[in-house]
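Colleague: Could you have a look at this structure, given as structure tokens, before my questions?
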Amino acid sequence: MHNFNITRRETDFCGRKLIVETGKMAKQANGSVFIQYGETAVLVTATMSKEPAEDQDFFPLTVDYIEKMYAAGKIPGGFFKRESKPSTDATLMARVIDRSIRPLFPEGFRNQVHIVVTVLSFDGVTDPSTMGVFGASLALSISDIPFNGPIASVTVGYIDNQFVVNPHFNEIETQSKLNLTVAGSESSIVMIESAASELSEEMMLDAVFTGHKEIQKLCALQQDFISACGKEKVEVVLDSIPEEIMNKVENAFGAKIAEAAVIFGKQERQDAFDAAEAEMVEMFSQQEDTDLSPWEETERYYKMAFDELIRRYVRDSILRKQHRVDGRGTDDIREITCEIDVLPRVHGSALFTRGETQSLGTLTLGGGTDEQVIDGLETEYKKSFYLHYNFPPYSVGEVGRIGPTGRRELGHGNLAERALKAVLPDKDSFPYTIRIVADTLESNGSSSMASICSGCLALMAGGVPIKAPVAGIAMGLIMEGEDYVVLTDIMGLEDHLGDMDFKCAGTREGITAMQMDIKISGITREIMQIALNKAKSARFKILDIMAECIAEPRSELAPWAPRIESFKVPIDKIGEIIGPGGKMIKSIIEECQVQIDIQDDGTVRILSPDKESINKAKSIIKGIAVDPVAGDMFEGQVTRIEPYGIFVKILGGTKEGMVHISEMYTGRINHPLDMVKLGDKVQVRTLGMDKGKLSLSMKGVAGNPEPHPDAHREEQQNYHQQNRDDRNRGRNSGRNDYHRHHR
């Protein structure tokens with residue numbers, strides 16, 4: 001038996017047993033922990049390269065969140081039967097972990113760090129993502145990797161008018177008005193990701209700090225763990241700018257950088273920075289400096305010094321002089337324009353421009369077959385609303401390759417989707433699949449919030465009956481020591497050089513989505529309160545501008561949008577509607593040129609741009625699903641004529657009944673052909689079922705022809721001649737069979 005040096009702790013956390021263990025699994029990683037919460041379990045590892053990455057000006061951190069399908073007792077779908085690329089949810093969770101821990105590594109740290117969170121068991125109740133940040137922090141904290149933790153995260157819901165920390169997996173989706181993930185240290189908040197059903201700023205703040213109380217318990221647990229088995233941190237080389245180079249660049253180019261930093265236009269400002277940097281490179285690359293290394297070795301430090309001076313001048317100008325690079329006050333929003341119906345033929349479109357950020361929102365409506373199937377660890381389900389965010393290189397004036405959707409695009413799209421989902425109509429009243437595409441055409445900060453605005457305008461322009469308009473705004477923070485200033489509607493440079501990106505979206509009634517990332521160790525409740533209040537004021541201003549463009553959803557769908565008719569049929573009739581091998585429903589779809597979706601509860605949705613096609617398909621389906629009741633009136637077609645009566649198909653040809661000759665007219669007629677011929681449309685009333693067959697009557701029903709014995713004389717003669725021919729063929733056939741048998 002292996003003699004592992006195992007450290008293990010057990011505690012009760014939010015109503016479930018939490019087990020944390022290290023020393024048994026993945027021991028060659030710098031740090032690893034096995035965490036079991038309820039009956040959900042994850043393994044989290046942290047590894048670090050021995051040497052720093054060369055010529056890199058950012059911290060190379062990678063976070064992977066891996067869902068093993070065996071964790072939920074499932075076999076992966078598809079041909080290869082093994083897990084391939086991560087799901088969207090797994091990618092988003094990896095992003096949450098990255099955003100939470102990234103600010104807590106030392107400045108100038110350039111060694112590669114890899115965090116892997118592997119879900120090993122899932123009980124269907126405890127969401128494994130709640131352990132992601134906690135596990136990453138603990139694996140880093142007990143390792144020899146430099147890390148300024150610990151931190152942890154929890155999920156907060158709002159169920160039955162009270163906050164619930166780490167609610168059960170299904171409660172978040174079905175019962176909660178809030179889905180908040182908050183990460184923090186013992187003293188402050190470092191990351192927020194949330195969706196809400198129009199909750200107030202005060203409630204959102206209370207939710208964040210309700211979660212923070214439980215986070216503090218997880219941080220204390222980590223401190224206990226660290227004291228028991230934590231390794232000594234290794235000494236790593238931090239990449240810092242030599243002081244002499246910093247002074248040289250500041251003395252020679254400080255004034256030019258300060259001058260360029262207050263140029264209003266983004267491209268013009270960047271051109272000025274680029275020109276000054278090119279001049280700097282030319283100057284210092286020509287100098288013979290015996291005291292310092294050759295230019296090839298120091299070039300990147302000169303460029304780093306140049307960027308650091310931009311950061312200092314921009315931040316100092318905002319913090320000390322309340323002066324922003326584009327001349328706005330700290331609470332001012334850039335100029336906004338809104339336009340709808342910018343594209344022909346689509347189901348809804350809108351162009352939202354805020355300063356140098358522009359988003360084109362387009363709406364597409366579809367049916368049940370357009371729903372997105374989600375197959376992860378949880379039970380497979382379908383999404384009827386999704387928002388896709390795109391960020392092409394030209395939006396920032398760059399040349400680049402447009403490849404697969406990246407983590408950033410998935411994250412921004414998910415935030416915008418959550419913000420709009422809260423105001424969508426329910427499926428019963430609006431049975432469409434809704435797709436929004438938000439194409440970023442220009443970007444200079446908070447394009448995700450512009451996507452919310454363009455998406456909302458497109459929904460209203462397309463006639464989707466949303467509950468209320470939604471707008472979003474991004475807030476920023478510049479903080480030095482105890483001094484700070486909160487900025488409204490941050491632009492790209494302020495986001496890049498600032499300390500916080502706080503995005504908030506909602507209606508006039510409350511918040512529908514919120515996200516916060518910081519670059520410092522954490523922020524306080526006071527700063528969050530200021531940011532939320534300023535965001536609310538800005539949101540209302542944007543909603544006013546949007547209302548001038550379109551105040552409420554149009555009453556009619558766009559002309560090119562499909563129409564959907566929704567109704568219910570008995571569950572035991574679903575099989576008949578579908579038919580053997582889907583033969584019946586395929587024939588209806590082909591005949592009527594519609595899209596049909598049948599739910600397990602008997603809900604039928606018929607989709608088509610043509611109302612007549614919908615009515616035709618509806619009539620056929622109802623004909624299959626509904627047994628006629630005595631007294632019901634129908635129009636039908638004569639399909640067969642016999643001396644004793646006629647056969648009529650009703651309900652789109654799905655049911656056939658017989659009208660006896662005595663039920664064709666109030667008086668006596670000699671032959672059915674005295675009144676009708678094959679193919680005629682007649683009005684009938686149901687009499688009921690006779691020995692399992694449907695009996696019909698034309699007697700006294702308005703809209704039927706009067707008897708004319710000579711009217712169909714030719715048809716009668718043809719009919720009698722055909723009968724004689726059929727009888728003769730029958731006799732001849734019988735005679736021939738007799739002779740063959742006795743030959």
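We label chains A, B, ... in the order they appear in the structure tokens, count residues from 1 in each chain, and number ligands from 1 in the order shown.
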Name all residues at most 10 Å from Lys655 in chain A (count only C-alpha atoms; drop same-chain ones fewer than 3 positions away) and give them as a PyMOL selection string.
Modeller: chain A and resi 620+623-624+626-628+636+648-652+693-694
Colleague: Taking a cut-off of 10 Å and counting only C-alpha atoms, can you build a table that, for each residue of range 326-386 of chain A near range 392-403 of chain A, reports the nearest atom pair and how far apart they are in Å (one decimal), sorted by chain then residue number, as a tab-separated table?
Modeller:
residue	atom	partner	partner_atom	distance
A:Glu356	CA	A:Val396	CA	9.6
A:Thr357	CA	A:Ser395	CA	8.6
A:Gln358	CA	A:Ser395	CA	8.5
A:Ser359	CA	A:Ser395	CA	9.7
Colleague: Considering only C-alpha atoms, can you say which of A:Met546, A:Met449, A:Ala252, A:Ile189 comes closest to Ile527 in chain A?
Modeller: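 Among A:Met546, A:Met449, A:Ala252, A:Ile189, it is A:Ile189 that comes nearest to Ile527 in chain A.
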Colleague: Residues near Pro86 in chain A, anyone? I mean within 7 Å using only C-alpha atoms, not counting same-chain ones fewer than 3 positions away, as a short mmCIF file (atom, residue, chain, number, x, y, z; two decimals) with N, CA, C and O atoms, in the first residue's frame.
Modeller:
data_model
loop_
_atom_site.label_atom_id
_atom_site.label_comp_id
_atom_site.auth_asym_id
_atom_site.auth_seq_id
_atom_site.Cartn_x
_atom_site.Cartn_y
_atom_site.Cartn_z
N ILE A 66 -12.21 21.15 -17.76
CA ILE A 66 -12.49 19.94 -18.54
C ILE A 66 -13.62 19.15 -17.89
O ILE A 66 -13.54 18.76 -16.72
N ALA A 90 -18.10 25.23 -20.46
CA ALA A 90 -16.77 24.94 -19.91
C ALA A 90 -15.79 26.06 -20.23
O ALA A 90 -14.98 26.47 -19.39
N THR A 91 -15.88 26.59 -21.44
CA THR A 91 -15.02 27.71 -21.84
C THR A 91 -15.30 28.95 -20.99
O THR A 91 -14.38 29.64 -20.55
#
Colleague: Which is closer to Gly355 in chain A than all the others in A:Ile374, A:Ile490, A:Ile518, A:Ile35, using only C-alpha atoms?
Modeller: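 The closest residue to Gly355 in chain A is A:Ile490.
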Colleague: One number please: CA of Ser84 in chain A to CA of Val116 in chain A, in Å, one decimal.
Modeller: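 Those two atoms sit 15.4 Å apart.
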Colleague: Output as a list in words all residues of range 359-414 of chain A that backbone DSSP marks as strand (DSSP E).
Modeller: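 The strand (DSSP E) subset of range 359-414 of chain A is Ser359, Leu360, Gly361, Thr362, Leu363, Thr364, Leu365, Gly366, Gln372, Val373, Ile374, Tyr381, Lys382, Lys383, Phe385, Tyr386, Leu387, His388, Tyr389 and Asn390 of chain A.
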Colleague: Would you please work out which residue, of A:Leu180, A:Met131, A:Val237, A:Ile226, is nearest to Pro52 in chain A when using only C-alpha atoms?
Modeller: A:Val237
Colleague: Please provide as a list in words all residues within 9 Å of Glu548 in chain A, with the sequence filter that same-chain residues fewer than 4 positions apart are discarded (counting only C-alpha atoms).
Modeller: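 Counting only the stated atoms, we get Cys338, Leu543 and Asp544 of chain A.
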Colleague: How would the residues just picked look written out with C-alpha atoms as a short mmCIF file (atom, residue, chain, number, x, y, z; two decimals), in the first residue's frame?
Modeller:
data_model
loop_
_atom_site.label_atom_id
_atom_site.label_comp_id
_atom_site.auth_asym_id
_atom_site.auth_seq_id
_atom_site.Cartn_x
_atom_site.Cartn_y
_atom_site.Cartn_z
CA CYS A 338 -29.58 54.59 -32.91
CA LEU A 543 -32.76 54.10 -22.62
CA ASP A 544 -34.12 57.62 -23.29
#
Colleague: Smallest atom-to-atom distance to Arg269 in chain A: which of A:Val156, A:Ile598, A:Leu493, A:Ile436, using only C-alpha atoms?
Modeller: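 So, comparing all the options, the nearest one is A:Leu493.
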